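Text of run.cif (mmCIF, C-alpha atoms and all ligand atoms) as supplied:
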```cif
data_my_file
#
loop_
_atom_site.label_atom_id
_atom_site.label_comp_id
_atom_site.auth_asym_id
_atom_site.auth_seq_id
_atom_site.Cartn_x
_atom_site.Cartn_y
_atom_site.Cartn_z
CA MET Y 1 61.31 -22.50 7.89
CA PRO Y 2 60.77 -20.45 11.07
CA PRO Y 3 57.19 -20.61 12.38
CA THR Y 4 55.01 -17.70 11.26
CA LEU Y 5 54.15 -15.67 14.33
CA ARG Y 6 50.55 -14.63 14.66
CA PRO Y 7 50.27 -10.83 14.50
CA ARG Y 8 49.51 -9.37 17.90
CA GLY Y 9 46.00 -7.92 18.18
CA GLU Y 10 42.52 -8.47 16.76
CA VAL Y 11 40.90 -7.78 13.40
CA THR Y 12 38.32 -5.05 13.98
CA ARG Y 13 35.93 -3.03 11.82
CA GLY Y 14 37.78 -1.44 8.90
CA THR Y 15 35.83 1.83 8.72
CA THR Y 16 37.81 4.63 7.14
CA ALA Y 17 37.28 7.55 4.75
CA PRO Y 18 39.42 9.80 2.59
CA ASN Y 19 40.74 12.85 4.39
CA ARG Y 20 39.30 12.01 7.77
CA LEU Y 21 42.75 12.06 9.36
CA ARG Y 22 43.71 15.46 7.90
CA ARG Y 23 43.71 17.20 11.29
CA VAL Y 24 46.14 14.80 12.90
CA ASP Y 25 48.31 14.62 9.76
CA ARG Y 26 48.56 18.39 9.61
CA TRP Y 27 49.51 18.45 13.29
CA ILE Y 28 52.15 15.72 12.86
CA ALA Y 29 53.67 17.58 9.90
CA ALA Y 30 53.87 20.77 11.97
CA THR Y 31 55.08 19.36 15.27
CA GLN Y 32 57.21 16.38 14.23
CA ALA Y 33 58.93 17.83 11.16
CA ARG Y 34 62.20 18.32 13.01
CA PRO Y 35 62.65 14.75 14.33
CA LEU Y 36 61.46 13.32 11.01
CA ARG Y 37 63.96 15.42 9.09
CA SER Y 38 66.90 14.99 11.42
CA HIS Y 39 66.76 11.17 11.39
CA PRO Y 40 69.15 9.66 8.79
CA ARG Y 41 66.65 6.97 7.65
CA PRO Y 42 63.24 7.94 9.01
CA LEU Y 43 60.54 5.28 9.01
CA ALA Y 44 56.87 5.87 9.82
CA VAL Y 45 54.21 3.23 10.45
CA ASP Y 46 50.50 3.66 9.86
CA LEU Y 47 49.07 0.95 12.08
CA GLY Y 48 45.57 -0.33 11.35
CA TYR Y 49 44.72 1.59 8.17
CA GLY Y 50 41.42 -0.17 7.61
CA ALA Y 51 39.39 -1.44 4.67
CA SER Y 52 40.99 1.02 2.26
CA PRO Y 53 44.62 2.20 2.34
CA VAL Y 54 43.62 5.75 1.43
CA THR Y 55 44.68 7.38 4.72
CA THR Y 56 48.11 5.71 4.49
CA PHE Y 57 48.62 7.23 1.04
CA GLU Y 58 47.58 10.58 2.50
CA LEU Y 59 49.97 10.27 5.44
CA TYR Y 60 52.76 9.41 3.03
CA THR Y 61 52.05 12.44 0.81
CA ARG Y 62 51.68 14.86 3.71
CA LEU Y 63 54.80 13.76 5.54
CA ARG Y 64 56.99 13.40 2.46
CA ALA Y 65 56.35 17.12 1.98
CA VAL Y 66 58.27 17.78 5.21
CA ALA Y 67 60.70 14.82 5.17
CA SER Y 68 61.47 13.82 1.59
CA ASN Y 69 63.35 10.62 2.49
CA LEU Y 70 60.63 9.28 4.82
CA GLU Y 71 59.60 5.66 4.32
CA VAL Y 72 56.04 4.74 5.27
CA VAL Y 73 54.76 1.24 6.01
CA GLY Y 74 51.04 0.61 6.31
CA ILE Y 75 50.44 -2.32 8.68
CA GLU Y 76 47.15 -4.19 8.90
CA ILE Y 77 46.24 -7.29 10.82
CA ASP Y 78 43.61 -8.28 8.23
CA PRO Y 79 45.28 -10.02 5.24
CA GLY Y 80 42.55 -8.89 2.80
CA ARG Y 81 43.24 -5.27 3.72
CA VAL Y 82 46.98 -5.78 3.16
CA ALA Y 83 46.18 -7.17 -0.32
CA ALA Y 84 44.02 -4.08 -1.01
CA GLY Y 85 46.92 -1.81 -0.02
CA ARG Y 86 49.37 -3.64 -2.22
CA GLU Y 87 46.95 -3.64 -5.14
CA LEU Y 88 46.47 0.11 -5.00
CA LEU Y 89 50.22 0.58 -4.63
CA ALA Y 90 50.85 -1.58 -7.73
CA ARG Y 91 48.37 0.56 -9.67
CA SER Y 92 50.09 3.77 -8.53
CA ALA Y 93 53.66 2.46 -8.98
CA GLY Y 94 56.32 5.03 -9.76
CA PRO Y 95 58.43 7.67 -8.07
CA ALA Y 96 55.31 9.23 -6.54
CA VAL Y 97 55.05 6.29 -4.13
CA ALA Y 98 58.73 5.43 -3.61
CA GLY Y 99 59.25 4.33 -0.02
CA LEU Y 100 55.62 3.35 0.60
CA SER Y 101 54.75 -0.28 1.36
CA PHE Y 102 52.09 -2.43 3.03
CA ARG Y 103 52.48 -5.49 5.17
CA ARG Y 104 50.58 -7.71 7.53
CA GLY Y 105 51.20 -7.38 11.23
CA GLY Y 106 50.00 -6.15 14.58
CA PHE Y 107 51.32 -4.48 17.72
CA GLU Y 108 54.65 -6.31 17.29
CA LEU Y 109 55.32 -3.94 14.32
CA PRO Y 110 57.14 -6.11 11.80
CA VAL Y 111 59.37 -3.40 10.33
CA PRO Y 112 63.10 -3.48 9.52
CA ARG Y 113 64.09 -0.77 12.01
CA PRO Y 114 62.49 1.16 14.85
CA PRO Y 115 60.04 3.76 13.53
CA VAL Y 116 60.32 7.47 14.32
CA LEU Y 117 56.55 7.74 14.02
CA VAL Y 118 53.66 5.36 14.57
CA ARG Y 119 50.23 6.71 13.77
CA ALA Y 120 47.48 4.46 15.15
CA PHE Y 121 44.12 6.07 14.55
CA ASN Y 122 40.75 4.56 15.37
CA VAL Y 123 42.50 1.27 16.09
CA LEU Y 124 42.26 0.84 19.87
CA ARG Y 125 38.66 2.00 20.10
CA GLN Y 126 37.39 -1.56 19.82
CA TYR Y 127 39.76 -2.97 22.44
CA GLY Y 128 39.16 -2.99 26.20
CA GLU Y 129 40.88 -0.38 28.35
CA PRO Y 130 43.55 -2.76 29.76
CA ALA Y 131 44.39 -3.92 26.22
CA ALA Y 132 44.73 -0.29 25.13
CA TRP Y 133 47.23 0.45 27.92
CA GLN Y 134 49.12 -2.72 26.97
CA ALA Y 135 49.18 -1.67 23.31
CA TRP Y 136 50.67 1.69 24.33
CA ASP Y 137 53.46 -0.17 26.15
CA ASP Y 138 54.03 -2.57 23.26
CA LEU Y 139 54.16 0.17 20.64
CA THR Y 140 56.34 2.62 22.56
CA GLU Y 141 58.85 -0.16 23.30
CA ARG Y 142 59.38 -0.51 19.56
CA LEU Y 143 59.92 3.18 18.79
CA ASP Y 144 63.21 4.72 17.78
CA PRO Y 145 64.68 6.62 20.79
CA SER Y 146 63.59 9.86 19.07
CA GLY Y 147 60.26 8.33 18.04
CA VAL Y 148 56.67 9.17 18.82
CA LEU Y 149 53.41 7.23 18.88
CA VAL Y 150 50.36 9.27 17.88
CA GLU Y 151 47.28 7.36 19.04
CA GLY Y 152 43.78 8.73 18.79
CA THR Y 153 40.25 8.68 17.55
CA CYS Y 154 38.09 10.79 15.28
CA ASP Y 155 34.53 10.86 13.98
CA GLU Y 156 33.49 9.49 10.59
CA ILE Y 157 34.52 12.57 8.60
CA GLY Y 158 37.26 13.89 10.84
CA ARG Y 159 35.52 16.91 12.33
CA ARG Y 160 36.23 15.89 15.92
CA ALA Y 161 39.47 14.25 16.97
CA VAL Y 162 41.49 13.64 20.11
CA TRP Y 163 44.95 12.14 20.17
CA ALA Y 164 47.74 11.42 22.59
CA THR Y 165 51.45 11.30 21.86
CA LEU Y 166 53.85 8.95 23.59
CA THR Y 167 57.60 8.60 23.45
CA PRO Y 168 59.64 5.63 24.71
CA ASP Y 169 59.42 7.36 28.13
CA GLY Y 170 55.62 7.31 28.21
CA PRO Y 171 52.69 9.62 27.43
CA ARG Y 172 53.64 13.23 26.60
CA THR Y 173 50.70 15.23 25.25
CA ILE Y 174 46.98 15.25 24.55
CA THR Y 175 45.43 17.23 21.68
CA PHE Y 176 41.80 18.16 21.09
CA ALA Y 177 40.84 19.23 17.56
CA ALA Y 178 37.51 20.28 16.12
CA HIS Y 179 35.78 21.76 13.11
CA LEU Y 180 34.80 24.95 14.85
CA PRO Y 181 31.73 26.07 12.84
CA THR Y 182 29.95 22.87 13.97
CA LEU Y 183 31.26 22.69 17.52
CA GLU Y 184 28.56 23.06 20.16
CA ARG Y 185 30.95 23.03 23.12
CA PRO Y 186 34.44 21.58 23.80
CA SER Y 187 33.19 18.76 26.05
CA THR Y 188 31.48 17.11 23.05
CA LEU Y 189 35.01 16.02 22.13
CA ALA Y 190 34.81 13.58 25.06
CA GLU Y 191 33.21 11.09 22.64
CA ARG Y 192 36.55 10.90 20.84
CA LEU Y 193 38.83 10.43 23.83
CA PRO Y 194 41.44 7.67 23.46
CA LYS Y 195 40.37 4.36 24.97
CA THR Y 196 42.73 4.87 27.91
CA LEU Y 197 40.73 7.96 28.92
CA ILE Y 198 37.18 7.49 27.71
CA HIS Y 199 35.99 5.75 30.87
CA ARG Y 200 37.74 8.38 33.02
CA ASN Y 201 35.51 11.23 31.94
CA VAL Y 202 33.73 11.26 35.30
CA PRO Y 203 33.72 13.86 38.07
CA GLY Y 204 36.92 13.79 40.09
CA GLU Y 205 39.11 12.70 37.18
CA PRO Y 206 41.46 15.29 35.58
CA VAL Y 207 40.09 14.86 32.05
CA HIS Y 208 36.56 15.60 33.28
CA ASP Y 209 37.77 18.65 35.18
CA LEU Y 210 39.62 19.88 32.10
CA LEU Y 211 36.63 19.52 29.76
CA ALA Y 212 34.28 21.14 32.28
CA ALA Y 213 36.69 24.09 32.65
CA PHE Y 214 37.00 24.32 28.87
CA ASP Y 215 33.19 24.50 28.55
CA ARG Y 216 33.12 27.35 31.06
CA CYS Y 217 35.80 29.21 29.09
CA TRP Y 218 33.84 28.56 25.89
CA ALA Y 219 30.72 30.07 27.48
CA THR Y 220 32.67 33.11 28.73
CA ALA Y 221 34.16 33.53 25.25
CA ALA Y 222 30.71 33.56 23.59
CA PRO Y 223 30.80 37.30 22.75
CA HIS Y 224 33.85 36.59 20.55
CA SER Y 225 31.57 34.60 18.23
CA ALA Y 226 30.81 37.95 16.63
CA PHE Y 227 34.25 37.57 15.03
CA GLY Y 228 33.66 33.93 14.11
CA PRO Y 229 34.12 30.55 15.81
CA ARG Y 230 37.90 30.69 15.53
CA ALA Y 231 38.03 33.91 17.55
CA ARG Y 232 35.82 32.29 20.18
CA TRP Y 233 38.04 29.18 20.34
CA ILE Y 234 41.23 31.25 20.63
CA GLU Y 235 39.70 33.25 23.46
CA ALA Y 236 38.45 30.09 25.21
CA VAL Y 237 41.90 28.48 24.96
CA THR Y 238 43.53 31.67 26.26
CA LEU Y 239 41.18 31.62 29.25
CA LEU Y 240 41.79 27.90 29.81
CA ALA Y 241 45.54 28.54 29.89
CA ARG Y 242 45.02 30.60 33.07
CA THR Y 243 44.03 27.50 35.02
CA HIS Y 244 45.41 24.56 33.02
CA PRO Y 245 48.86 23.89 31.51
CA VAL Y 246 47.91 24.58 27.88
CA LEU Y 247 50.98 24.50 25.63
CA THR Y 248 51.19 28.07 24.40
CA ARG Y 249 54.38 28.07 22.35
CA PRO Y 250 55.10 26.74 18.85
CA PRO Y 251 55.16 24.13 17.56
CA TYR Y 252 52.43 22.80 19.89
CA GLY Y 253 50.62 25.99 20.84
CA GLY Y 254 50.00 29.60 19.99
CA ARG Y 255 47.49 31.25 17.67
CA THR Y 256 48.72 29.44 14.54
CA ARG Y 257 47.61 26.12 16.01
CA TRP Y 258 44.60 27.38 17.92
CA ARG Y 259 43.06 29.05 14.88
CA LEU Y 260 42.86 25.56 13.34
CA GLY Y 261 40.62 24.48 16.21
CA GLU Y 262 43.34 22.67 18.15
CA VAL Y 263 44.66 22.78 21.65
CA THR Y 264 47.48 20.67 23.10
CA LEU Y 265 48.29 20.09 26.77
CA PRO Y 266 50.83 17.91 28.53
CA TRP Y 267 49.56 14.43 29.30
CA THR Y 268 49.85 15.23 32.99
CA ALA Y 269 46.81 17.51 32.57
CA VAL Y 270 44.61 14.48 31.94
CA ALA Y 271 46.54 11.51 33.37
CA PRO Y 272 43.98 9.36 35.22
CA TYR Y 273 44.20 9.01 38.98
C1 LIG G 1 38.47 1.58 12.19
S1 LIG G 1 39.82 1.04 11.21
C2 LIG G 1 40.79 2.51 11.18
C3 LIG G 1 41.25 2.89 9.82
C4 LIG G 1 42.09 4.15 9.75
N1 LIG G 1 43.22 4.14 10.63
C5 LIG G 1 41.24 5.36 10.02
O1 LIG G 1 41.32 5.94 11.11
O2 LIG G 1 40.48 5.77 9.14
C6 LIG G 1 40.75 0.02 12.38
C7 LIG G 1 41.66 -0.97 11.68
O3 LIG G 1 42.65 -1.38 12.62
C8 LIG G 1 42.97 -2.73 12.36
N2 LIG G 1 43.62 -3.27 13.56
C9 LIG G 1 43.07 -3.51 14.77
N3 LIG G 1 44.00 -3.99 15.62
C10 LIG G 1 45.16 -4.05 14.93
C11 LIG G 1 46.48 -4.46 15.28
N4 LIG G 1 46.76 -4.90 16.50
N5 LIG G 1 47.42 -4.38 14.32
C12 LIG G 1 47.13 -3.94 13.08
N6 LIG G 1 45.90 -3.54 12.69
C13 LIG G 1 44.93 -3.60 13.61
C14 LIG G 1 41.63 -3.35 12.05
O4 LIG G 1 41.78 -4.55 11.34
C15 LIG G 1 40.95 -2.23 11.25
O5 LIG G 1 41.14 -2.42 9.87
#
```

What is this structure when it is put down as structure tokens?
Amino acid sequence: MPPTLRPRGEVTRGTTAPNRLRRVDRWIAATQARPLRSHPRPLAVDLGYGASPVTTFELYTRLRAVASNLEVVGIEIDPGRVAAGRELLARSAGPAVAGLSFRRGGFELPVPRPPVLVRAFNVLRQYGEPAAWQAWDDLTERLDPSGVLVEGTCDEIGRRAVWATLTPDGPRTITFAAHLPTLERPSTLAERLPKTLIHRNVPGEPVHDLLAAFDRCWATAAPHSAFGPRARWIEAVTLLARTHPVLTRPPYGGRTRWRLGEVTLPWTAVAPY
């Protein structure tokens, strides 16, 4: 028998919660529908789904709505969490979960073919910054040529989230997303920056400059609060776009996305020096 390779990575805290990844899932469904649909046998990986497989089931349901032949594999490095995923799957067996599976693994991604999507949420937070950069390299190397890695972080109930996308050619975009009625100012999203950026939120670094500019736009847009927090956010993003390369066209930008409390910029807007 061939030796069993140890999955690449570390077991970390398994904190998760139903629906906490709704913002990123909604964004993936809107922005990645075309590549997911145009691939003949699309495969998506949910890497590091945590103590309960609930967010993998949600990803599956949300993305099957836009790509009906999508297969989804939930990968966990902790064997007990893989067993939990399989148990829930066995209890839900039937056509409603066709194409969904769970297996043990790590950054090596033990899947039968290169995935068109890897979602890794709240996974790298507990790694050091060099390990996070290495994980980006490892994961993007394994993507389908048309594939994308969506790597990010959110708070416990998914009201604040930041994620980056990467293709096999490297980082592409950064997205900030917030529940607007409870948002004090955009720079509070800094707590949710991906591990590769969180230590770069210091004066002189692009991500710090961006968030400071966004706060100024948010302050200038305060009178728009009379029409609700969405109107204020849309105005703040519109102002930010005058000085920073905000993506303003669908599927990544424009009012449809901004009214959800999102804004997406090219990675170059935040790439550390
Ligand atoms: C905080 S939970 C995140 C759960 C879920 N993704 C969410 O956002 O709600 C992080 C999970 O990632 C797993 N993990 C960490 N490194 C991993 C790796 N290299 N490969 C697979 N899973 C990993 C941990 O075991 C843990 O269960």

- Of the listed residues Y:Pro42, Y:Pro272, Y:Pro115, Y:Gly128, that which approaches ligand LIG 1 (chain G) most closely, counting all atoms listed in the file: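 For ligand LIG 1 (chain G), the nearest of the given residues is Y:Gly128.
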
Counting only C-alpha atoms, what is within 7 Å of segment 169-176 of chain Y, bar same-chain residues fewer than 4 positions away, as a PDB file with C-alpha atoms, keeping the file's coordinate frame?
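And here's out20.pdb as it stands now:
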```
ATOM      1  CA  ALA Y 161      39.470  14.250  16.970  1.00  0.00           C
ATOM      2  CA  VAL Y 162      41.490  13.640  20.110  1.00  0.00           C
ATOM      3  CA  TRP Y 163      44.950  12.140  20.170  1.00  0.00           C
ATOM      4  CA  ALA Y 164      47.740  11.420  22.590  1.00  0.00           C
ATOM      5  CA  THR Y 165      51.450  11.300  21.860  1.00  0.00           C
ATOM      6  CA  GLU Y 262      43.340  22.670  18.150  1.00  0.00           C
ATOM      7  CA  VAL Y 263      44.660  22.780  21.650  1.00  0.00           C
ATOM      8  CA  THR Y 264      47.480  20.670  23.100  1.00  0.00           C
ATOM      9  CA  LEU Y 265      48.290  20.090  26.770  1.00  0.00           C
ATOM     10  CA  PRO Y 266      50.830  17.910  28.530  1.00  0.00           C
ATOM     11  CA  TRP Y 267      49.560  14.430  29.300  1.00  0.00           C
TER      12      TRP Y 267
END
```

- Task: Give the residue list for ligand LIG 1 (chain G) at 6 Å, counting only C-alpha atoms and all ligand atoms, as a PyMOL selection string, sorted by chain and then by residue number.
- Result: chain Y and resi 8-17+47-51+75-78+105-107+121-123

- Best match for closeness to Glu108 of chain Y among Y:Gln126, Y:Thr256, Y:Gln134, Y:Asn19, counting only C-alpha atoms: Y:Gln134

- Item | Using only C-alpha atoms: which of Y:Ser225, Y:Thr196, Y:Thr238, Y:Thr220 has the shortest distance to Leu183 of chain Y | Y:Ser225

- Selection: 12 Å around Val202 of chain Y, only C-alpha atoms, excl. self and same-chain fewer than 4 positions, as JSON, numbers by chain: {"Y": [187, 190, 197, 198, 206, 207, 208, 209, 210, 211, 212, 270, 272, 273]}

- Task: Would you mind reading off the distance between atom CA of Leu180 of chain Y and atom CA of Ala231 of chain Y, one decimal, in Å?
- Result: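 Taking atom CA of Leu180 of chain Y and atom CA of Ala231 of chain Y, their separation equals 9.9 Å.
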
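Separating atom CA of Ala178 of chain Y from atom CA of Gly261 of chain Y is a distance of 5.2 Å.
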
- So how far away is atom CA of Arg185 of chain Y from atom CA of Arg255 of chain Y, in Å?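 Going from atom CA of Arg255 of chain Y over to atom CA of Arg185 of chain Y covers 19.3 Å.
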
- Would you mind listing what lies within 9 Å of segment 28-37 of chain Y as number ranges by chain, with all atoms listed in the file counted and same-chain residues fewer than 2 positions away left out? Y: 23-26, 39-44, 62-63, 65-70, 116-117, 146-148, 150, 250-252

Produce the centre coordinates and the three edge lengths, each in Å to one decimal, of the box along x, y and z that contains all listed atoms of segment 158-174 of chain Y with 5 Å added on each side, as JSON.
```
{"center_x": 47.6, "center_y": 11.3, "center_z": 19.5, "size_x": 34.1, "size_y": 21.3, "size_z": 27.4}
```

- Message: Could you check the closest approach to Glu151 of chain Y for each of Y:Val45, Y:Leu240, Y:Val246, Y:Ala90 and tell me which residue wins, using all atoms listed in the file?
- Response: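 For Glu151 of chain Y, the nearest of the given residues is Y:Val45.
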
Missing atoms of segment 65-85 of chain Y rebuilt to N, CA, C and O atoms, written as a PDB file, keeping the file's coordinate frame:
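The new file out-v6.pdb reads:
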```
ATOM      1  N   ALA Y  65      56.190  15.684   2.253  1.00  0.00           N
ATOM      2  CA  ALA Y  65      56.350  17.120   1.980  1.00  0.00           C
ATOM      3  C   ALA Y  65      57.267  17.770   3.012  1.00  0.00           C
ATOM      4  O   ALA Y  65      57.890  18.786   2.729  1.00  0.00           O
ATOM      5  N   VAL Y  66      57.370  17.187   4.204  1.00  0.00           N
ATOM      6  CA  VAL Y  66      58.270  17.780   5.210  1.00  0.00           C
ATOM      7  C   VAL Y  66      59.539  16.947   5.415  1.00  0.00           C
ATOM      8  O   VAL Y  66      60.525  17.450   5.934  1.00  0.00           O
ATOM      9  N   ALA Y  67      59.518  15.681   5.036  1.00  0.00           N
ATOM     10  CA  ALA Y  67      60.700  14.820   5.170  1.00  0.00           C
ATOM     11  C   ALA Y  67      60.777  13.952   3.914  1.00  0.00           C
ATOM     12  O   ALA Y  67      60.136  12.894   3.836  1.00  0.00           O
ATOM     13  N   SER Y  68      61.552  14.411   2.929  1.00  0.00           N
ATOM     14  CA  SER Y  68      61.470  13.820   1.590  1.00  0.00           C
ATOM     15  C   SER Y  68      62.033  12.402   1.520  1.00  0.00           C
ATOM     16  O   SER Y  68      61.772  11.682   0.558  1.00  0.00           O
ATOM     17  N   ASN Y  69      62.812  11.986   2.535  1.00  0.00           N
ATOM     18  CA  ASN Y  69      63.350  10.620   2.490  1.00  0.00           C
ATOM     19  C   ASN Y  69      62.577   9.671   3.424  1.00  0.00           C
ATOM     20  O   ASN Y  69      63.025   8.565   3.713  1.00  0.00           O
ATOM     21  N   LEU Y  70      61.417  10.111   3.898  1.00  0.00           N
ATOM     22  CA  LEU Y  70      60.630   9.280   4.820  1.00  0.00           C
ATOM     23  C   LEU Y  70      60.112   8.020   4.118  1.00  0.00           C
ATOM     24  O   LEU Y  70      59.602   8.092   3.005  1.00  0.00           O
ATOM     25  N   GLU Y  71      60.256   6.880   4.799  1.00  0.00           N
ATOM     26  CA  GLU Y  71      59.600   5.660   4.320  1.00  0.00           C
ATOM     27  C   GLU Y  71      58.355   5.445   5.172  1.00  0.00           C
ATOM     28  O   GLU Y  71      58.391   5.693   6.390  1.00  0.00           O
ATOM     29  N   VAL Y  72      57.292   4.973   4.545  1.00  0.00           N
ATOM     30  CA  VAL Y  72      56.040   4.740   5.270  1.00  0.00           C
ATOM     31  C   VAL Y  72      55.600   3.302   5.026  1.00  0.00           C
ATOM     32  O   VAL Y  72      55.564   2.841   3.882  1.00  0.00           O
ATOM     33  N   VAL Y  73      55.276   2.609   6.119  1.00  0.00           N
ATOM     34  CA  VAL Y  73      54.760   1.240   6.010  1.00  0.00           C
ATOM     35  C   VAL Y  73      53.351   1.229   6.610  1.00  0.00           C
ATOM     36  O   VAL Y  73      53.155   1.593   7.773  1.00  0.00           O
ATOM     37  N   GLY Y  74      52.397   0.811   5.809  1.00  0.00           N
ATOM     38  CA  GLY Y  74      51.040   0.610   6.310  1.00  0.00           C
ATOM     39  C   GLY Y  74      50.931  -0.815   6.818  1.00  0.00           C
ATOM     40  O   GLY Y  74      51.222  -1.767   6.085  1.00  0.00           O
ATOM     41  N   ILE Y  75      50.549  -0.970   8.087  1.00  0.00           N
ATOM     42  CA  ILE Y  75      50.440  -2.320   8.680  1.00  0.00           C
ATOM     43  C   ILE Y  75      48.984  -2.595   9.021  1.00  0.00           C
ATOM     44  O   ILE Y  75      48.316  -1.766   9.645  1.00  0.00           O
ATOM     45  N   GLU Y  76      48.515  -3.757   8.579  1.00  0.00           N
ATOM     46  CA  GLU Y  76      47.150  -4.190   8.900  1.00  0.00           C
ATOM     47  C   GLU Y  76      47.204  -5.636   9.375  1.00  0.00           C
ATOM     48  O   GLU Y  76      47.987  -6.440   8.884  1.00  0.00           O
ATOM     49  N   ILE Y  77      46.304  -5.921  10.300  1.00  0.00           N
ATOM     50  CA  ILE Y  77      46.240  -7.290  10.820  1.00  0.00           C
ATOM     51  C   ILE Y  77      45.371  -8.173   9.926  1.00  0.00           C
ATOM     52  O   ILE Y  77      45.499  -9.391   9.937  1.00  0.00           O
ATOM     53  N   ASP Y  78      44.527  -7.542   9.108  1.00  0.00           N
ATOM     54  CA  ASP Y  78      43.610  -8.280   8.230  1.00  0.00           C
ATOM     55  C   ASP Y  78      44.286  -8.497   6.871  1.00  0.00           C
ATOM     56  O   ASP Y  78      44.580  -7.526   6.161  1.00  0.00           O
ATOM     57  N   PRO Y  79      44.531  -9.775   6.481  1.00  0.00           N
ATOM     58  CA  PRO Y  79      45.280 -10.020   5.240  1.00  0.00           C
ATOM     59  C   PRO Y  79      44.601  -9.437   4.006  1.00  0.00           C
ATOM     60  O   PRO Y  79      45.279  -8.960   3.089  1.00  0.00           O
ATOM     61  N   GLY Y  80      43.257  -9.439   3.969  1.00  0.00           N
ATOM     62  CA  GLY Y  80      42.550  -8.890   2.800  1.00  0.00           C
ATOM     63  C   GLY Y  80      42.835  -7.404   2.647  1.00  0.00           C
ATOM     64  O   GLY Y  80      42.934  -6.880   1.526  1.00  0.00           O
ATOM     65  N   ARG Y  81      42.981  -6.718   3.772  1.00  0.00           N
ATOM     66  CA  ARG Y  81      43.240  -5.270   3.720  1.00  0.00           C
ATOM     67  C   ARG Y  81      44.695  -4.989   3.294  1.00  0.00           C
ATOM     68  O   ARG Y  81      44.970  -3.988   2.655  1.00  0.00           O
ATOM     69  N   VAL Y  82      45.587  -5.907   3.624  1.00  0.00           N
ATOM     70  CA  VAL Y  82      46.980  -5.780   3.160  1.00  0.00           C
ATOM     71  C   VAL Y  82      46.992  -5.948   1.636  1.00  0.00           C
ATOM     72  O   VAL Y  82      47.644  -5.168   0.913  1.00  0.00           O
ATOM     73  N   ALA Y  83      46.234  -6.933   1.134  1.00  0.00           N
ATOM     74  CA  ALA Y  83      46.180  -7.170  -0.320  1.00  0.00           C
ATOM     75  C   ALA Y  83      45.628  -5.915  -1.005  1.00  0.00           C
ATOM     76  O   ALA Y  83      46.150  -5.498  -2.056  1.00  0.00           O
ATOM     77  N   ALA Y  84      44.611  -5.278  -0.406  1.00  0.00           N
ATOM     78  CA  ALA Y  84      44.020  -4.080  -1.010  1.00  0.00           C
ATOM     79  C   ALA Y  84      45.068  -2.954  -1.082  1.00  0.00           C
ATOM     80  O   ALA Y  84      45.155  -2.229  -2.080  1.00  0.00           O
ATOM     81  N   GLY Y  85      45.875  -2.834  -0.029  1.00  0.00           N
ATOM     82  CA  GLY Y  85      46.920  -1.810  -0.020  1.00  0.00           C
ATOM     83  C   GLY Y  85      47.936  -2.064  -1.112  1.00  0.00           C
ATOM     84  O   GLY Y  85      48.319  -1.152  -1.863  1.00  0.00           O
TER      85      GLY Y  85
END
```
